[in-house]
>>> print(open('model04.cif').read())   # mmCIF, C-alpha atoms
data_data
loop_
_atom_site.label_atom_id
_atom_site.label_comp_id
_atom_site.auth_asym_id
_atom_site.auth_seq_id
_atom_site.Cartn_x
_atom_site.Cartn_y
_atom_site.Cartn_z
CA MET A 756 12.35 17.52 -8.43
CA GLU A 757 11.33 15.41 -5.41
CA LYS A 758 9.76 12.04 -6.10
CA ILE A 759 6.54 11.56 -4.14
CA SER A 760 6.23 8.18 -2.43
CA THR A 761 3.55 5.70 -3.43
CA LYS A 762 2.30 5.72 0.18
CA LYS A 763 1.91 9.51 0.12
CA ILE A 764 0.04 9.37 -3.19
CA GLY A 765 -2.21 6.61 -1.82
CA ASN A 766 -2.95 8.60 1.35
CA GLU A 767 -3.81 11.71 -0.66
CA GLY A 768 -6.06 9.67 -2.94
CA GLU A 769 -7.85 8.17 0.08
CA ASN A 770 -8.28 11.64 1.62
CA ARG A 771 -9.86 12.91 -1.59
CA ALA A 772 -12.09 9.82 -1.82
CA CYS A 773 -13.25 10.34 1.79
CA ASN A 774 -14.04 13.98 1.08
CA PHE A 775 -16.00 12.94 -2.01
CA LEU A 776 -18.01 10.40 0.00
CA LEU A 777 -18.70 12.86 2.82
CA GLN A 778 -19.89 15.49 0.33
CA ASN A 779 -22.28 12.90 -1.11
CA GLY A 780 -23.94 11.94 2.16
CA TYR A 781 -21.83 8.97 3.26
CA GLU A 782 -20.62 8.43 6.81
CA ILE A 783 -17.03 7.17 7.13
CA ILE A 784 -16.89 4.28 9.61
CA GLU A 785 -13.26 3.15 9.18
CA ARG A 786 -10.18 3.86 7.12
CA ASN A 787 -7.44 1.36 6.36
CA TRP A 788 -9.13 -1.46 8.28
CA ARG A 789 -6.68 -4.39 8.33
CA THR A 790 -6.64 -8.09 9.06
CA LYS A 791 -4.14 -10.83 8.20
CA SER A 792 -6.05 -11.41 4.97
CA GLY A 793 -6.03 -7.84 3.68
CA GLU A 794 -7.07 -4.23 4.02
CA ILE A 795 -10.16 -2.19 3.22
CA ASP A 796 -9.29 1.39 2.26
CA ILE A 797 -12.60 2.92 3.38
CA ILE A 798 -15.65 1.48 5.08
CA ALA A 799 -18.61 3.81 4.78
CA LYS A 800 -22.32 3.80 5.51
CA LYS A 801 -25.21 5.40 3.69
CA CYS A 802 -28.81 4.76 4.70
CA ASP A 803 -29.14 1.01 5.21
CA THR A 804 -25.97 0.01 3.32
CA ILE A 805 -22.39 -0.66 4.42
CA ILE A 806 -19.97 0.10 1.61
CA PHE A 807 -16.49 -1.36 1.36
CA VAL A 808 -14.46 0.96 -0.85
CA GLU A 809 -11.23 0.27 -2.70
CA VAL A 810 -9.41 3.46 -3.68
CA LYS A 811 -7.02 3.74 -6.61
CA ALA A 812 -5.04 6.96 -7.08
CA ILE A 813 -3.86 7.26 -10.68
CA ALA A 814 -2.18 10.06 -12.61
CA HIS A 815 -3.91 11.05 -15.85
CA CYS A 816 -6.85 8.79 -15.04
CA THR A 817 -9.49 8.26 -17.70
CA PHE A 818 -12.59 6.11 -17.54
CA ASP A 819 -11.10 3.75 -20.16
CA MET A 820 -8.07 3.10 -17.93
CA ILE A 821 -10.02 1.96 -14.90
CA GLU A 822 -11.54 -1.16 -16.42
CA GLY A 823 -9.71 -4.19 -15.08
CA LYS A 824 -7.72 -2.38 -12.37
CA ILE A 825 -9.29 -4.49 -9.61
CA ASN A 826 -8.47 -8.08 -10.52
CA HIS A 827 -10.18 -11.21 -9.21
CA GLN A 828 -7.47 -11.84 -6.58
CA LYS A 829 -7.87 -8.31 -5.18
CA GLN A 830 -11.65 -8.73 -5.11
CA GLU A 831 -11.29 -12.00 -3.18
CA ARG A 832 -9.06 -10.30 -0.57
CA ILE A 833 -11.56 -7.48 -0.16
CA LEU A 834 -14.45 -9.95 0.20
CA LYS A 835 -12.56 -12.01 2.80
CA THR A 836 -11.55 -8.91 4.77
CA SER A 837 -15.08 -7.48 4.65
CA LYS A 838 -16.43 -10.71 6.15
CA CYS A 839 -13.95 -10.36 9.03
CA PHE A 840 -15.14 -6.79 9.59
CA LEU A 841 -18.79 -7.85 9.65
CA LEU A 842 -18.04 -10.71 12.06
CA ASN A 843 -16.37 -8.23 14.41
CA HIS A 844 -19.04 -5.53 14.01
CA ARG A 845 -22.35 -7.31 14.39
CA GLU A 846 -24.17 -3.98 14.70
CA TYR A 847 -24.12 -3.88 10.88
CA ASN A 848 -25.68 -7.34 10.37
CA ASP A 849 -29.00 -5.82 9.35
CA LYS A 850 -27.42 -3.66 6.62
CA PHE A 851 -27.04 -4.33 2.92
CA VAL A 852 -23.44 -4.72 1.72
CA ARG A 853 -21.91 -3.13 -1.35
CA PHE A 854 -18.41 -3.11 -2.85
CA ASP A 855 -17.40 0.13 -4.57
CA VAL A 856 -14.25 1.33 -6.25
CA ILE A 857 -13.18 4.96 -6.34
CA PHE A 858 -10.55 6.07 -8.81
CA VAL A 859 -8.95 9.41 -8.00
CA ASP A 860 -7.28 11.34 -10.81
CA MET A 861 -4.23 12.74 -9.06
CA ASP A 862 -3.89 15.37 -11.79
CA GLY A 863 -7.35 16.65 -10.96
CA VAL A 864 -8.79 16.73 -14.47
CA GLU A 865 -11.74 14.50 -13.56
CA PRO A 866 -11.12 14.23 -9.84
CA VAL A 867 -13.16 11.16 -8.93
CA TYR A 868 -14.73 8.20 -10.70
CA HIS A 869 -17.05 6.39 -8.27
CA ILE A 870 -18.16 2.95 -9.38
CA GLU A 871 -20.94 1.70 -7.14
CA SER A 872 -21.37 -2.08 -6.89
CA ALA A 873 -18.13 -2.55 -8.83
CA PHE A 874 -18.14 -6.25 -8.01
CA LEU A 875 -20.29 -8.77 -6.16
CA GLU A 876 -19.65 -11.64 -3.82
#
>>> encode(input="model04.cif", output="C-alpha cells")
Amino acid sequence: MEKISTKKIGNEGENRACNFLLQNGYEIIERNWRTKSGEIDIIAKKCDTIIFVEVKAIAHCTFDMIEGKINHQKQERILKTSKCFLLNHREYNDKFVRFDVIFVDMDGVEPVYHIESAFLE
C-alpha cells in the first residue's frame, strides 16, 4: 500500500477547508501566504472580517483531540505573519480580524470542525 505524503494530506485538508468556507459564505483571499516568519494556510473574508485560518488535517479526528493542537508558539507565528499581511494589504485596514482553526477529519466521519476565534492577539 502506498504511503501518502504529509504534504499531500495537508493539501487535501486545505482544499476541503476551502470548500467548507466557500459553502458557508466566505471569500478566499489567499492560500499558503508566506513570509520569513511563517505561513497562513488560508486568508478569507466574510462581511467586514478578515479571517486567518490554520488548517489541521488529522485522521480519526474527534473534538476531544483538537484541544491543544495549536500551541502558543504556533499562535505567535500566525499573529506575526498576519501582521505582515495586513501591512502589505492596507485595503483591509478597516476590517475586523479573527483567527480561526479548521480541523479536517481525513477519514470523513465528521469532515470539518471549525473553531471561530480560536485564539486572540
>>> residues_around(input="model04.cif", residues="stretch 842-857 of chain A", least_positions_apart="3", cutoff="8 Å", atoms="all atoms listed in the file", output="list in words")
Ala772, Asp803, Thr804, Ile805, Ile806, Phe807, Val808, Glu809, Val810, Lys811, Lys838, Cys839, Val867, Tyr868, His869, Ile870, Glu871, Ser872, Ala873, Phe874 and Leu875 of chain A
>>> residues_around(input="model04.cif", residues="A:Ala812", least_positions_apart="4", cutoff="9 Å", atoms="only C-alpha atoms", output="list in words")
Ile764, Gly765, Asn766, Glu767, Gly768, Glu769, Cys816, Ile857, Phe858, Val859, Asp860 and Met861 of chain A
>>> write_last_selection(input="model04.cif", atoms="C-alpha atoms", output="PDB file, in the frame of the given file")
ATOM      1  CA  ILE A 764       0.040   9.370  -3.190  1.00  0.00           C
ATOM      2  CA  GLY A 765      -2.210   6.610  -1.820  1.00  0.00           C
ATOM      3  CA  ASN A 766      -2.950   8.600   1.350  1.00  0.00           C
ATOM      4  CA  GLU A 767      -3.810  11.710  -0.660  1.00  0.00           C
ATOM      5  CA  GLY A 768      -6.060   9.670  -2.940  1.00  0.00           C
ATOM      6  CA  GLU A 769      -7.850   8.170   0.080  1.00  0.00           C
ATOM      7  CA  CYS A 816      -6.850   8.790 -15.040  1.00  0.00           C
ATOM      8  CA  ILE A 857     -13.180   4.960  -6.340  1.00  0.00           C
ATOM      9  CA  PHE A 858     -10.550   6.070  -8.810  1.00  0.00           C
ATOM     10  CA  VAL A 859      -8.950   9.410  -8.000  1.00  0.00           C
ATOM     11  CA  ASP A 860      -7.280  11.340 -10.810  1.00  0.00           C
ATOM     12  CA  MET A 861      -4.230  12.740  -9.060  1.00  0.00           C
TER      13      MET A 861
END
>>> closest_residue(input="model04.cif", among="A:Cys773, A:Ile795, A:Ile813, A:Ile783", to="A:Glu831", atoms="all atoms listed in the file")
A:Ile795
>>> atom_distance(input="model04.cif", atom1="atom CA of A:Ser792", atom2="atom CA of A:Ala814")
28.0 Å
>>> closest_residue(input="model04.cif", among="A:Thr836, A:Leu841, A:Cys802, A:Pro866", to="A:Trp788", atoms="only C-alpha atoms")
A:Thr836
>>> atom_distance(input="model04.cif", atom1="atom CA of A:Lys791", atom2="atom CA of A:Asn774")
27.6 Å
>>> atom_distance(input="model04.cif", atom1="atom CA of A:Arg786", atom2="atom CA of A:Ile833")
13.5 Å
>>> axis_aligned_box(input="model04.cif", around="stretch 859-874 of chain A", padding_each_side="6 Å", output="lines of an AutoDock Vina configuration file")
center_x = -12.6
center_y = 5.2
center_z = -10.7
size_x = 29.5
size_y = 35.0
size_z = 19.6
>>> closest_residue(input="model04.cif", among="A:Glu876, A:Lys801, A:Ile784, A:Asp862", to="A:Phe840", atoms="only C-alpha atoms")
A:Ile784
>>> residues_around(input="model04.cif", residues="A:Glu785", least_positions_apart="4", cutoff="7 Å", atoms="only C-alpha atoms", output="list in words")
Ile797, Ile798 and Ala799 of chain A
